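> Sharing a structure, written as structure tokens. Questions coming.
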Amino acid sequence: MGSTKLIVPLKPGETNIIYYVKNEDMFDMIQQTHIQTGHGGRTRMIKELQCKYKNITYEIVMLYLSLCIQCQTKQKAPRKGIVVKPLISSELNSRCQIDLVDMQTCKDGEYKFILNYQDHLTKFIQLRPLKSKTAEEVAHNLLHIFLTFGAPNILHSDNGREFVNKIITELCLMWDGVKIVHGKPRHSQTQGSIERANQDIQNLLRAWMSDNNTNKWADGLYFVQFTKNTAYHEGIKQSPYEAMFGTKPKRGLFSSSLPRDKLHQLESEEHLENVIKYMNCEKGDRESEKSSDDEQHENNQTDCEKGDRESEKSCDDEQQAKKISNKPIDRRKKNIILNREVAITSLQVQAVKMLRTSKQKFLPANIGETVRIRVPNVDRSKMDPQNILAVVLDVVDNDYYKLATKNGVINQLYTRNQFSVCKDNLIPITDVQMDQQISLRQASASNSSTGGQGYTRCNCKTKCTTKKCSCRNVGILCNSKCHDSLSCCNK
């Protein structure tokens, strides 16, 4: 016996029947359409449902998608560049950052890397070309910097905790008595400053090479360093050079008040003295053209006033000379202190803005909520989901989250910008194996249909004909990411 269904009245000439769906049948209809569209998003589903059904709304579709575990694992990752806890340094060398820029594809002779060293407070950078990225060579170049500007309390790098430990060990062997600690793990957001500096350095270096018609980037590294340090920095509201030395950068006589046309004619010190004398004479002539009223006023000064001025100059000559000699030093010292106070204040204002943006984008997660964690490409196979679902177990120090999947507790802590909160709690805490510690790669592999991570890449410079090739050794063919256009027998 057939069932009766409610439909939308057909207009003249229409043949497509659109049904009204009962509440008890709505879930089944949406699920069937969702699977037919290959777990399509809201646009595909709404377009498909509107062709058949009348009363399935946008809100109902979004509610269903928030409950689909497969769709939650393919959501986009959180927006990059948002931090949860900005770090602010209060003094010079309290925290310094190092980073290596890979230049192997456009190496300059023996130089293949660029070492970028930045003070976190002043943003003052120092660049060094490297032949390799071994801890020994990095430590050797850092030693030259430390012996000039002093060693930092904390040395921070995103190149790996073990890498920084090796550098610090090498430095301690080279410089007896130095003690440096490395930055906290899981604090990659503090590297945002030096990462932006890396982009500026590459842009400046590219422009320098173009202007000088050369491919020797190692020669232009120190010019780029000076340009970067003397440019205005929005974060500290001044140039790094001013924050470091308390004065405007000097560029020889071009920083003086001498006219440019005169500077190009200078050849010797005597010539420079003549130009200065000539300018002083012109200045004296202009001063002599003061109004006669001013001259008369000066001539009519009483002897009493002159005596008062002479008595004011009758202080001890030695003490006066000492004051005069210390005046430029005191002024420079005050400028340095003032500039660094401005830098600290500006960084604090910047941190408040960053935190405000962060709180708007990433609200705090509560214990028991389900979250999505982005899985890097190297920790999953191509057929594995981009995200895994986890549940919040605990919040450590109000900043770090302890997460767990059904297969175990993940053996690292996460900051709020490293995951997204799902709208519904899809994983109960009671389903978690609390006694099992797993890595992110293991968590991804446990939900994989193909066995988990399968990312393999070789860097063979030969034809990949022997088992020394990591790809041939595991029985797979080389791909476009393995090596350049060299001939390969494993494709």
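Each chain of the structure tokens is named A, B, ... in the order shown, its residues numbered from 1; ligands are numbered from 1 in display order.
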Fewer than 4 positions away in the same chain doesn't count, so skip those; otherwise give me all residues within 10 Å of segment 19-33 of chain A, counting only C-alpha atoms, as a ChimeraX atom specification.

/A:5-9,37-40,44-46,48-56,60-61,64-65,68

> May I have the selected residues written with N, CA, C and O atoms, as a short mmCIF file (atom, residue, chain, number, x, y, z; two decimals), in the first residue's frame?


```
data_model
loop_
_atom_site.label_atom_id
_atom_site.label_comp_id
_atom_site.auth_asym_id
_atom_site.auth_seq_id
_atom_site.Cartn_x
_atom_site.Cartn_y
_atom_site.Cartn_z
N LYS A 5 2.51 11.59 0.60
CA LYS A 5 3.54 12.59 0.91
C LYS A 5 3.06 13.96 0.49
O LYS A 5 2.36 14.11 -0.53
N LEU A 6 3.46 14.97 1.28
CA LEU A 6 3.08 16.35 0.99
C LEU A 6 4.10 16.96 0.04
O LEU A 6 5.31 16.85 0.26
N ILE A 7 3.60 17.60 -1.02
CA ILE A 7 4.48 18.20 -2.01
C ILE A 7 4.13 19.66 -2.19
O ILE A 7 3.05 20.12 -1.79
N VAL A 8 5.04 20.39 -2.82
CA VAL A 8 4.81 21.79 -3.15
C VAL A 8 3.92 21.84 -4.39
O VAL A 8 4.17 21.11 -5.36
N PRO A 9 2.88 22.67 -4.37
CA PRO A 9 1.99 22.74 -5.55
C PRO A 9 2.76 23.09 -6.81
O PRO A 9 3.62 23.97 -6.82
N THR A 37 26.95 13.05 -2.30
CA THR A 37 27.81 14.16 -2.75
C THR A 37 29.27 13.98 -2.31
O THR A 37 30.07 14.90 -2.46
N GLY A 38 29.61 12.80 -1.76
CA GLY A 38 30.98 12.56 -1.34
C GLY A 38 31.40 13.40 -0.15
O GLY A 38 32.49 13.97 -0.15
N HIS A 39 30.52 13.47 0.84
CA HIS A 39 30.75 14.30 2.03
C HIS A 39 31.01 15.75 1.60
O HIS A 39 31.96 16.38 2.04
N GLY A 40 30.14 16.22 0.73
CA GLY A 40 30.28 17.60 0.25
C GLY A 40 29.97 18.62 1.32
O GLY A 40 29.35 18.32 2.35
N ARG A 44 27.25 22.44 -1.71
CA ARG A 44 26.83 21.28 -2.53
C ARG A 44 25.56 20.65 -1.96
O ARG A 44 24.64 20.31 -2.70
N MET A 45 25.53 20.49 -0.64
CA MET A 45 24.38 19.83 -0.03
C MET A 45 23.10 20.66 -0.18
O MET A 45 22.03 20.13 -0.53
N ILE A 46 23.19 21.94 0.08
CA ILE A 46 22.00 22.80 -0.03
C ILE A 46 21.49 22.82 -1.46
O ILE A 46 20.28 22.76 -1.71
N GLU A 48 21.84 20.48 -3.70
CA GLU A 48 21.26 19.18 -4.01
C GLU A 48 19.93 18.99 -3.30
O GLU A 48 18.96 18.47 -3.90
N LEU A 49 19.83 19.43 -2.04
CA LEU A 49 18.60 19.23 -1.28
C LEU A 49 17.47 20.12 -1.78
O LEU A 49 16.30 19.72 -1.75
N GLN A 50 17.79 21.33 -2.24
CA GLN A 50 16.76 22.25 -2.72
C GLN A 50 16.07 21.74 -3.98
O GLN A 50 14.95 22.15 -4.29
N CYS A 51 16.73 20.85 -4.70
CA CYS A 51 16.12 20.29 -5.90
C CYS A 51 15.07 19.22 -5.58
O CYS A 51 14.26 18.86 -6.45
N LYS A 52 15.11 18.70 -4.30
CA LYS A 52 14.21 17.60 -3.96
C LYS A 52 13.27 17.91 -2.80
O LYS A 52 12.15 17.42 -2.76
N TYR A 53 13.79 18.71 -1.85
CA TYR A 53 13.04 18.91 -0.61
C TYR A 53 12.86 20.39 -0.34
O TYR A 53 13.69 21.22 -0.69
N LYS A 54 11.76 20.69 0.37
CA LYS A 54 11.40 22.09 0.58
C LYS A 54 11.80 22.62 1.94
O LYS A 54 12.33 23.73 2.05
N ASN A 55 11.60 21.85 2.99
CA ASN A 55 11.71 22.38 4.34
C ASN A 55 13.02 22.03 5.05
O ASN A 55 13.08 22.02 6.27
N ILE A 56 14.08 21.71 4.32
CA ILE A 56 15.40 21.48 4.92
C ILE A 56 16.17 22.79 4.82
O ILE A 56 16.55 23.21 3.72
N ILE A 60 19.76 23.58 9.54
CA ILE A 60 19.73 22.13 9.75
C ILE A 60 20.93 21.47 9.08
O ILE A 60 21.55 20.55 9.63
N VAL A 61 21.28 21.94 7.89
CA VAL A 61 22.44 21.38 7.18
C VAL A 61 23.73 21.64 7.95
O VAL A 61 24.58 20.75 8.10
N TYR A 64 24.01 19.33 10.91
CA TYR A 64 24.43 17.98 10.52
C TYR A 64 25.93 17.93 10.24
O TYR A 64 26.61 16.99 10.66
N LEU A 65 26.45 18.93 9.51
CA LEU A 65 27.88 18.94 9.18
C LEU A 65 28.74 19.02 10.43
O LEU A 65 29.85 18.47 10.47
N CYS A 68 29.24 15.47 11.72
CA CYS A 68 29.89 14.49 10.85
C CYS A 68 31.38 14.45 11.16
O CYS A 68 32.10 15.43 10.94
#
```

> Once DSSP has gone over the backbone, tell me which residues of segment 69-256 of chain A are in strand (DSSP E or B), as an NGL selection string.

:A and (95-102 or 108 or 111 or 113-119 or 125-130 or 154-157 or 181-182 or 233 or 238 or 251 or 253)

> Could you list, as a PDB file with N, CA, C and O atoms, in the first residue's frame, every residue within 7 Å of segment 96-106 of chain A, counting only C-alpha atoms and ignoring same-chain residues fewer than 4 positions away?


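result_24.pdb, freshly written:
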```pdb
ATOM      1  N   LYS A 112      75.929  28.256   1.589  1.00  0.00           N
ATOM      2  CA  LYS A 112      74.648  27.640   1.270  1.00  0.00           C
ATOM      3  C   LYS A 112      73.526  28.067   2.219  1.00  0.00           C
ATOM      4  O   LYS A 112      72.361  27.769   1.954  1.00  0.00           O
ATOM      5  N   PHE A 113      73.871  28.729   3.331  1.00  0.00           N
ATOM      6  CA  PHE A 113      72.867  29.120   4.320  1.00  0.00           C
ATOM      7  C   PHE A 113      73.158  30.526   4.830  1.00  0.00           C
ATOM      8  O   PHE A 113      74.277  31.028   4.703  1.00  0.00           O
ATOM      9  N   ILE A 114      72.137  31.141   5.405  1.00  0.00           N
ATOM     10  CA  ILE A 114      72.277  32.451   6.048  1.00  0.00           C
ATOM     11  C   ILE A 114      71.857  32.302   7.502  1.00  0.00           C
ATOM     12  O   ILE A 114      70.758  31.803   7.792  1.00  0.00           O
ATOM     13  N   LEU A 115      72.728  32.705   8.399  1.00  0.00           N
ATOM     14  CA  LEU A 115      72.407  32.731   9.815  1.00  0.00           C
ATOM     15  C   LEU A 115      71.837  34.101  10.171  1.00  0.00           C
ATOM     16  O   LEU A 115      72.486  35.120   9.947  1.00  0.00           O
ATOM     17  N   ASN A 116      70.642  34.114  10.702  1.00  0.00           N
ATOM     18  CA  ASN A 116      69.995  35.351  11.133  1.00  0.00           C
ATOM     19  C   ASN A 116      69.894  35.331  12.655  1.00  0.00           C
ATOM     20  O   ASN A 116      69.256  34.448  13.232  1.00  0.00           O
ATOM     21  N   TYR A 117      70.536  36.304  13.300  1.00  0.00           N
ATOM     22  CA  TYR A 117      70.551  36.398  14.767  1.00  0.00           C
ATOM     23  C   TYR A 117      69.903  37.722  15.143  1.00  0.00           C
ATOM     24  O   TYR A 117      70.316  38.786  14.665  1.00  0.00           O
ATOM     25  N   GLN A 118      68.868  37.674  15.995  1.00  0.00           N
ATOM     26  CA  GLN A 118      68.099  38.878  16.327  1.00  0.00           C
ATOM     27  C   GLN A 118      67.898  38.997  17.824  1.00  0.00           C
ATOM     28  O   GLN A 118      67.534  38.020  18.494  1.00  0.00           O
ATOM     29  N   ASP A 119      68.149  40.204  18.347  1.00  0.00           N
ATOM     30  CA  ASP A 119      67.816  40.493  19.733  1.00  0.00           C
ATOM     31  C   ASP A 119      66.318  40.764  19.824  1.00  0.00           C
ATOM     32  O   ASP A 119      65.771  41.562  19.054  1.00  0.00           O
ATOM     33  N   HIS A 120      65.651  40.122  20.774  1.00  0.00           N
ATOM     34  CA  HIS A 120      64.192  40.172  20.826  1.00  0.00           C
ATOM     35  C   HIS A 120      63.665  41.552  21.197  1.00  0.00           C
ATOM     36  O   HIS A 120      62.585  41.949  20.761  1.00  0.00           O
ATOM     37  N   PRO A 152      73.351  36.021  25.269  1.00  0.00           N
ATOM     38  CA  PRO A 152      71.981  36.172  25.788  1.00  0.00           C
ATOM     39  C   PRO A 152      71.706  35.209  26.938  1.00  0.00           C
ATOM     40  O   PRO A 152      72.449  34.240  27.151  1.00  0.00           O
ATOM     41  N   ILE A 154      68.695  33.578  27.040  1.00  0.00           N
ATOM     42  CA  ILE A 154      67.939  32.510  26.373  1.00  0.00           C
ATOM     43  C   ILE A 154      68.232  32.571  24.880  1.00  0.00           C
ATOM     44  O   ILE A 154      68.156  33.632  24.268  1.00  0.00           O
ATOM     45  N   LEU A 155      68.577  31.434  24.313  1.00  0.00           N
ATOM     46  CA  LEU A 155      68.796  31.315  22.878  1.00  0.00           C
ATOM     47  C   LEU A 155      67.641  30.508  22.307  1.00  0.00           C
ATOM     48  O   LEU A 155      67.408  29.367  22.709  1.00  0.00           O
ATOM     49  N   HIS A 156      66.920  31.115  21.365  1.00  0.00           N
ATOM     50  CA  HIS A 156      65.680  30.513  20.863  1.00  0.00           C
ATOM     51  C   HIS A 156      65.813  30.231  19.378  1.00  0.00           C
ATOM     52  O   HIS A 156      66.291  31.071  18.620  1.00  0.00           O
ATOM     53  N   SER A 157      65.371  29.037  18.991  1.00  0.00           N
ATOM     54  CA  SER A 157      65.399  28.670  17.581  1.00  0.00           C
ATOM     55  C   SER A 157      64.272  27.702  17.302  1.00  0.00           C
ATOM     56  O   SER A 157      63.861  26.932  18.178  1.00  0.00           O
TER      57      SER A 157
END
```

> Which of these residues is nearest to His483 of chain A, using only C-alpha atoms: A:Ser470, A:Ser446, A:Cys458, A:Arg128?

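Of all the options, A:Cys458 lies closest to His483 of chain A.
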
> Residues at most 8 Å from Ile201 of chain A, counting only C-alpha atoms, excluding those fewer than 3 positions away in the same chain, as an mmCIF file with C-alpha atoms, in the first residue's frame?


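Resulting contents of around-v8.cif:
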```
data_model
loop_
_atom_site.group_PDB
_atom_site.id
_atom_site.type_symbol
_atom_site.label_atom_id
_atom_site.label_comp_id
_atom_site.auth_asym_id
_atom_site.auth_seq_id
_atom_site.Cartn_x
_atom_site.Cartn_y
_atom_site.Cartn_z
ATOM 1 C CA ALA A 197 62.719 39.516 9.306
ATOM 2 C CA ASN A 198 63.758 36.593 7.088
ATOM 3 C CA LEU A 204 66.344 43.333 0.379
ATOM 4 C CA LEU A 205 68.979 40.872 -0.780
ATOM 5 C CA VAL A 224 71.376 44.250 3.806
ATOM 6 C CA GLN A 225 72.093 43.925 7.525
ATOM 7 C CA LYS A 228 67.480 46.394 7.853
#
```

> So which one's closest to Glu341 of chain A, A:Lys277, A:Lys237, A:Lys406, A:Lys133? Using only C-alpha atoms, please.

A:Lys237

> Could you name the residues that touch segment 362-372 of chain A at 8 Å or less, counting only C-alpha atoms, but leaving out those on the same chain fewer than 3 positions away, as a PyMOL selection string?

chain A and resi 72-73+358-359+387-395+416-417+419-429

> Env of Gly235 of chain A: 9 Å cut, atoms = only C-alpha atoms, seq-sep filter 6 positions within chain, self excluded. Answer as JSON, numbers by chain.

{"A": [123, 343, 346, 347, 349, 350]}

> Between A:Asn16, A:Gln70, A:Asn335, A:Asn398, which is the closest to His34 of chain A once you count only C-alpha atoms?

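The closest residue to His34 of chain A is A:Gln70.
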